[in-house]
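Quick look at structure-v7.tsv (TSV, C-alpha atoms and all ligand atoms):
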```tsv
chain	number	residue	atom	x	y	z
A	770	MET	CA	0.00	0.00	0.00
A	771	PRO	CA	1.39	3.39	-0.91
A	772	ILE	CA	1.62	5.77	2.01
A	773	LYS	CA	-1.05	8.40	1.63
A	774	GLN	CA	-0.17	11.87	2.76
A	775	ASN	CA	-2.65	13.50	5.08
A	776	ILE	CA	-2.46	17.19	4.36
A	777	ALA	CA	-5.69	18.28	6.02
A	778	GLY	CA	-5.10	21.51	7.94
A	779	LYS	CA	-1.98	22.38	5.97
A	780	ARG	CA	-1.62	25.76	4.33
A	781	PHE	CA	-0.24	26.35	0.83
A	782	GLY	CA	-0.06	30.10	0.31
A	783	ARG	CA	-3.66	31.28	0.17
A	784	LEU	CA	-5.03	27.76	0.26
A	785	LEU	CA	-6.01	25.97	3.46
A	786	VAL	CA	-6.64	22.25	2.99
A	787	ILE	CA	-9.95	21.20	4.54
A	788	LYS	CA	-10.36	17.51	3.84
A	789	GLU	CA	-9.92	14.74	1.34
A	790	HIS	CA	-12.51	14.94	-1.39
A	791	GLY	CA	-11.91	11.60	-3.08
A	792	ASN	CA	-10.78	10.37	-6.44
A	793	VAL	CA	-11.41	12.56	-9.47
A	794	GLY	CA	-9.92	11.48	-12.79
A	795	GLY	CA	-7.54	9.00	-11.18
A	796	TYR	CA	-6.15	11.38	-8.57
A	797	ILE	CA	-7.07	12.05	-4.96
A	798	ARG	CA	-8.29	15.64	-4.71
A	799	TRP	CA	-8.30	17.73	-1.57
A	800	GLU	CA	-10.92	20.27	-0.77
A	801	CYS	CA	-9.29	23.61	-0.09
A	802	ILE	CA	-10.56	27.00	0.90
A	803	CYS	CA	-8.81	30.00	-0.57
A	804	ASP	CA	-8.27	33.27	1.32
A	805	CYS	CA	-10.59	34.89	-1.23
A	806	GLY	CA	-13.40	32.66	0.06
A	807	LYS	CA	-13.65	30.32	-2.89
A	808	LYS	CA	-13.56	26.55	-2.43
A	809	CYS	CA	-11.61	24.39	-4.85
A	810	LEU	CA	-10.25	20.86	-5.33
A	811	LYS	CA	-6.48	20.32	-5.71
A	812	LYS	CA	-4.12	17.39	-6.13
A	813	VAL	CA	-1.25	16.99	-3.63
A	814	SER	CA	1.18	17.15	-6.54
A	815	SER	CA	-0.23	20.53	-7.64
A	816	LEU	CA	0.10	21.92	-4.13
A	817	ASN	CA	3.64	20.61	-3.81
A	818	ARG	CA	4.42	22.10	-7.19
A	819	GLY	CA	3.55	25.54	-5.94
A	820	VAL	CA	-0.14	26.08	-6.61
A	821	THR	CA	-0.99	28.59	-3.90
A	822	SER	CA	-4.46	29.90	-4.70
A	823	CYS	CA	-7.78	28.96	-6.25
A	824	GLY	CA	-6.64	30.82	-9.35
A	825	CYS	CA	-7.29	34.30	-7.98
A	826	LEU	CA	-3.56	34.96	-7.53
A	827	GLN	CA	-2.77	34.26	-11.19
A	828	ARG	CA	-5.68	36.48	-12.21
A	829	GLU	CA	-4.35	39.30	-10.05
A	830	ILE	CA	-0.86	38.88	-11.51
A	831	ALA	CA	-2.23	38.80	-15.06
A	832	THR	CA	-4.22	41.97	-14.45
A	833	LYS	CA	-1.22	43.67	-12.91
A	834	ASN	CA	1.02	42.61	-15.80
A	835	HIS	CA	-1.57	43.74	-18.28
A	836	TYR	CA	-1.39	47.25	-16.92
A	837	SER	CA	2.29	47.40	-16.11
A	838	HIS	CA	3.95	46.02	-19.23
A	839	GLY	CA	1.29	46.77	-21.85
A	840	MET	CA	2.36	43.71	-23.84
A	841	SER	CA	-0.44	41.30	-23.06
A	842	THR	CA	-1.55	41.07	-26.69
A	843	THR	CA	1.90	40.41	-28.11
A	844	HIS	CA	3.34	37.15	-29.40
A	845	PHE	CA	6.22	37.63	-26.96
A	846	TYR	CA	3.89	37.71	-23.98
A	847	ARG	CA	1.93	34.72	-25.27
A	848	THR	CA	5.21	32.83	-25.57
A	849	TYR	CA	5.83	33.40	-21.86
A	850	CYS	CA	2.29	32.30	-21.00
A	851	SER	CA	2.61	29.14	-23.07
A	852	ILE	CA	5.86	28.20	-21.30
A	853	LYS	CA	4.05	28.56	-17.97
A	854	GLU	CA	1.16	26.48	-19.30
A	855	ARG	CA	3.41	23.66	-20.50
A	856	CYS	CA	5.31	23.56	-17.22
A	857	TYR	CA	2.55	24.06	-14.66
A	858	ASN	CA	-0.89	23.41	-16.10
A	859	SER	CA	-1.48	19.68	-15.99
A	860	ASN	CA	-4.54	20.20	-18.22
A	861	SER	CA	-2.40	21.59	-21.00
A	862	HIS	CA	-1.97	19.11	-23.84
A	863	SER	CA	1.82	19.60	-23.89
A	864	TYR	CA	2.20	19.30	-20.10
A	865	ARG	CA	3.29	15.66	-20.36
A	866	TRP	CA	6.36	16.70	-22.37
A	867	TYR	CA	7.33	19.45	-19.95
A	868	GLY	CA	5.87	19.78	-16.46
A	869	ALA	CA	5.35	16.04	-16.12
A	870	ARG	CA	9.05	15.53	-16.93
A	871	GLY	CA	10.06	18.03	-14.26
A	872	ILE	CA	10.82	20.89	-16.66
A	873	LYS	CA	10.37	24.24	-14.94
A	874	CYS	CA	10.24	27.86	-16.01
A	875	LEU	CA	12.96	29.61	-14.04
A	876	TRP	CA	11.65	33.06	-14.94
A	877	GLU	CA	9.50	33.94	-11.95
A	878	SER	CA	7.85	36.85	-13.67
A	879	PHE	CA	7.18	38.20	-17.11
A	880	GLU	CA	9.45	41.15	-16.30
A	881	LYS	CA	12.40	38.81	-15.76
A	882	PHE	CA	11.63	36.91	-18.95
A	883	LYS	CA	11.50	40.22	-20.81
A	884	ASN	CA	14.84	41.36	-19.38
A	885	ASP	CA	16.54	38.17	-20.52
A	886	MET	CA	14.84	37.39	-23.80
A	887	HIS	CA	13.22	40.44	-25.39
A	888	ALA	CA	16.29	41.83	-27.18
A	889	SER	CA	17.09	38.49	-28.86
A	890	TYR	CA	13.39	38.01	-29.63
A	891	LEU	CA	13.20	41.36	-31.44
A	892	LEU	CA	16.31	40.52	-33.44
A	893	HIS	CA	14.92	37.15	-34.53
A	894	ALA	CA	11.47	38.58	-35.21
A	895	SER	CA	12.93	41.35	-37.37
A	896	LYS	CA	14.44	38.70	-39.66
A	897	HIS	CA	11.77	36.00	-39.61
A	898	GLY	CA	8.63	37.71	-38.37
A	899	ALA	CA	7.08	37.33	-34.93
A	900	LYS	CA	4.92	34.38	-35.96
A	901	ASP	CA	7.99	32.38	-36.91
A	902	THR	CA	9.84	33.21	-33.73
A	903	THR	CA	9.55	30.24	-31.42
A	904	ILE	CA	11.37	29.64	-28.18
A	905	GLU	CA	13.47	26.50	-28.03
A	906	ARG	CA	15.50	24.85	-25.29
A	907	VAL	CA	19.02	23.91	-26.32
A	908	ASP	CA	19.22	21.00	-23.86
A	909	ASN	CA	15.93	19.21	-23.74
A	910	ASN	CA	16.44	18.03	-20.16
A	911	VAL	CA	17.17	21.46	-18.79
A	912	ASP	CA	14.63	24.02	-17.62
A	913	TYR	CA	13.45	27.15	-19.37
A	914	CYS	CA	16.06	29.77	-18.47
A	915	LYS	CA	18.24	32.30	-20.27
A	916	ASP	CA	21.24	30.01	-20.72
A	917	ASN	CA	19.17	27.19	-22.17
A	918	CYS	CA	16.88	29.09	-24.52
A	919	CYS	CA	17.12	30.55	-27.97
A	920	TRP	CA	14.72	31.63	-30.71
A	921	THR	CA	14.12	29.54	-33.78
A	922	THR	CA	11.72	29.28	-36.68
A	923	LYS	CA	9.19	26.54	-36.14
A	924	ARG	CA	8.39	26.54	-39.85
A	925	LEU	CA	12.01	25.73	-40.64
A	926	GLN	CA	12.07	22.77	-38.23
A	927	GLY	CA	8.88	21.40	-39.73
A	928	LYS	CA	10.08	21.98	-43.28
A	929	ASN	CA	13.34	20.13	-42.65
A	930	MET	CA	11.45	17.17	-41.35
A	931	ARG	CA	9.01	17.15	-44.27
A	932	SER	CA	11.49	17.74	-47.07
A	933	ASN	CA	13.99	15.03	-46.20
A	934	HIS	CA	11.90	12.71	-44.02
A	935	TYR	CA	14.98	11.88	-41.95
A	936	LEU	CA	15.42	11.98	-38.20
A	937	THR	CA	18.77	11.64	-36.47
A	938	LEU	CA	19.14	10.46	-32.89
A	939	ASN	CA	22.51	9.79	-31.23
A	940	GLY	CA	24.21	9.72	-34.60
A	941	GLU	CA	21.73	7.27	-36.11
A	942	THR	CA	19.83	8.57	-39.12
A	943	LYS	CA	16.75	6.86	-40.48
A	944	THR	CA	13.69	7.77	-42.47
A	945	VAL	CA	10.43	8.32	-40.62
A	946	SER	CA	9.18	5.00	-42.01
A	947	ASP	CA	12.25	3.14	-40.74
A	948	TRP	CA	11.98	4.69	-37.28
A	949	SER	CA	8.33	3.79	-37.24
A	950	ARG	CA	9.16	0.12	-37.92
A	951	THR	CA	12.15	0.05	-35.54
A	952	ILE	CA	10.42	1.46	-32.49
A	953	GLY	CA	6.87	0.38	-33.22
A	954	ILE	CA	5.06	3.70	-33.22
A	955	SER	CA	3.02	4.88	-36.17
A	956	LYS	CA	4.34	7.32	-38.74
A	957	GLY	CA	1.34	9.52	-37.95
A	958	THR	CA	2.41	9.81	-34.33
A	959	ILE	CA	5.96	10.71	-35.37
A	960	TRP	CA	4.66	13.44	-37.71
A	961	LYS	CA	2.30	14.76	-35.08
A	962	ARG	CA	5.03	15.06	-32.46
A	963	GLY	CA	7.32	16.60	-35.06
A	964	LYS	CA	4.72	19.23	-35.87
A	965	GLU	CA	4.47	20.09	-32.17
A	966	GLY	CA	8.10	21.08	-32.47
A	967	LEU	CA	9.38	18.41	-30.09
A	968	PRO	CA	13.05	17.45	-30.10
A	969	VAL	CA	13.95	14.17	-31.82
A	970	GLU	CA	14.51	12.16	-28.63
A	971	LEU	CA	11.06	13.09	-27.41
A	972	ILE	CA	9.48	12.34	-30.77
A	973	LEU	CA	10.93	8.84	-30.73
A	974	TYR	CA	11.37	7.88	-27.08
A	975	PRO	CA	9.21	10.08	-24.86
A	976	LYS	CA	9.36	7.64	-21.93
A	977	LYS	CA	13.07	6.86	-22.06
A	978	PHE	CA	14.00	10.52	-21.86
A	979	ARG	CA	11.57	11.37	-19.11
A	980	ARG	CA	13.39	12.82	-16.15
A	981	GLY	CA	13.48	10.72	-13.00
A	1001	ZN	ZN	-8.78	32.58	-4.31
```
Once you've parsed the file, please lay out its structure as structure tokens.
Ligand SMILES: [Zn+2]
Amino acid sequence: MPIKQNIAGKRFGRLLVIKEHGNVGGYIRWECICDCGKKCLKKVSSLNRGVTSCGCLQREIATKNHYSHGMSTTHFYRTYCSIKERCYNSNSHSYRWYGARGIKCLWESFEKFKNDMHASYLLHASKHGAKDTTIERVDNNVDYCKDNCCWTTKRLQGKNMRSNHYLTLNGETKTVSDWSRTIGISKGTIWKRGKEGLPVELILYPKKFRRG
């Protein structure tokens, strides 16, 4: 029997855990009351990961950012939001490739992200356009941070994959069809993951490269 944590009575930021709610979607949820008065259900893993409000805190931050940086409608700001989504929102469809593998966003605020990445973003966007300016991690097992991120054109990645149909992993180059046969996943799945802009090791071996 796995040891179940009893977290009733514990506080996580604005959230006070009331009692166990039961299993929802395969996970034990805990009923929490937020300082704002709203009740919500949270997983232990979310609380341990740093979820500290019913959602009201994020809304306050978003509103504040909206007024302070004036960039909330830009592609650059949406890039920051999508990093946060991938890393911390377990409902996001890409979460399994990022947050679930322990990948974090080390920029605590949009302001910090802007300080580190805006100049290089503008340079890339001036050459390729904002739409084709996508953030990429150099080392796939390292978090989102200044030293591990650069800007790239998603279209170019996709085009390379389509035009030559080759993928190289650890010095081994094969066609998509050959990889499909070797590892037993469908070509469609390989294409789909490729279109999501995932690195080759995650396209081919998502489980093997999952962080422990
Ligand atoms: Zn709240």
Within 6 Å of ligand ZN 1001 (chain A), which residues show up when you count only C-alpha atoms and all ligand atoms? List them as number ranges by chain, please. A: 803-805, 807, 822-825
Please report as a Markdown table every residue of segment 940-972 of chain A lying within 12 Å of segment 900-909 of chain A, along with the nearest atom pair and their distance in Å (one decimal), using all atoms listed in the file.
```
| residue | atom | partner | partner_atom | distance |
| --- | --- | --- | --- | --- |
| A:Glu965 | CA | A:Thr903 | CA | 11.4 |
| A:Gly966 | CA | A:Glu905 | CA | 8.8 |
| A:Leu967 | CA | A:Asn909 | CA | 9.2 |
| A:Pro968 | CA | A:Asn909 | CA | 7.2 |
| A:Val969 | CA | A:Asn909 | CA | 9.7 |
| A:Glu970 | CA | A:Asn909 | CA | 8.7 |
| A:Leu971 | CA | A:Asn909 | CA | 8.6 |
| A:Ile972 | CA | A:Asn909 | CA | 11.8 |
```
Go ahead and write the selection's residues with C-alpha atoms as a short mmCIF file (atom, residue, chain, number, x, y, z; two decimals), in the coordinates of the input.
```cif
data_model
loop_
_atom_site.label_atom_id
_atom_site.label_comp_id
_atom_site.auth_asym_id
_atom_site.auth_seq_id
_atom_site.Cartn_x
_atom_site.Cartn_y
_atom_site.Cartn_z
CA GLU A 965 4.47 20.09 -32.17
CA GLY A 966 8.10 21.08 -32.47
CA LEU A 967 9.38 18.41 -30.09
CA PRO A 968 13.05 17.45 -30.10
CA VAL A 969 13.95 14.17 -31.82
CA GLU A 970 14.51 12.16 -28.63
CA LEU A 971 11.06 13.09 -27.41
CA ILE A 972 9.48 12.34 -30.77
#
```
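The closest residue to Glu877 of chain A, picked from A:Ile952, A:Cys919, A:Ala899, A:Ile852 and counting all atoms listed in the file, is A:Ile852.
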Contacts of Gly898 of chain A within 12 Å, only C-alpha atoms, excl. fewer than 3 positions in-chain, as an MDAnalysis selection string: chainID A and resid 844:845 890:895 901:903 920:924
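Among the candidates A:His887, A:Lys873, A:Lys896, A:Lys976, the one nearest to Arg818 of chain A when counting only C-alpha atoms is A:Lys873.
Using all atoms listed in the file for every distance, the candidate list A:Lys964, A:Lys883, A:His790, A:Arg783 yields A:Lys883 as the residue closest to Met840 of chain A.
Shortest separation to Gly806 of chain A among A:Ile959, A:Leu784, A:Val793, A:Val945 occurs at residue A:Leu784, atoms counted being only C-alpha atoms.
For the choices A:Arg847, A:Arg950, A:Lys811, A:His838, the atom-to-atom distance to Glu880 of chain A is smallest for A:His838 when using all atoms listed in the file.
Taking atom CA of Leu875 of chain A as the reference point, atom CA of Tyr913 of chain A is found at 5.9 Å.
Atom CA of Cys918 of chain A is found 27.2 Å from atom CA of Leu826 of chain A.
For Asn792 of chain A, the set of protein, DNA and RNA residues having any atom at most 12 Å away, when counting all atoms listed in the file and skipping those fewer than 4 positions along the same chain, is Tyr796, Ile797, Arg798, Trp799, Glu800, Leu810, Lys811, Lys812 and Val813 of chain A.
The space between atom CA of Arg780 of chain A and atom CA of Trp876 of chain A spans 24.5 Å.
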Residues near Tyr857 of chain A, anyone? I mean within 10 Å using all atoms listed in the file, not counting same-chain ones fewer than 5 positions away, as a CSV table (one decimal) with C-alpha atoms, in the coordinates of the input.
```csv
chain,number,residue,atom,x,y,z
A,815,SER,CA,-0.2,20.5,-7.6
A,818,ARG,CA,4.4,22.1,-7.2
A,819,GLY,CA,3.6,25.5,-5.9
A,820,VAL,CA,-0.1,26.1,-6.6
A,851,SER,CA,2.6,29.1,-23.1
A,852,ILE,CA,5.9,28.2,-21.3
A,864,TYR,CA,2.2,19.3,-20.1
A,867,TYR,CA,7.3,19.4,-20.0
A,868,GLY,CA,5.9,19.8,-16.5
A,869,ALA,CA,5.4,16.0,-16.1
A,871,GLY,CA,10.1,18.0,-14.3
A,872,ILE,CA,10.8,20.9,-16.7
A,873,LYS,CA,10.4,24.2,-14.9
A,874,CYS,CA,10.2,27.9,-16.0
```
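Residue nearest Leu785 of chain A, chosen from A:His897, A:Cys801, A:Thr848, A:Ser814 and counting only C-alpha atoms: A:Cys801.
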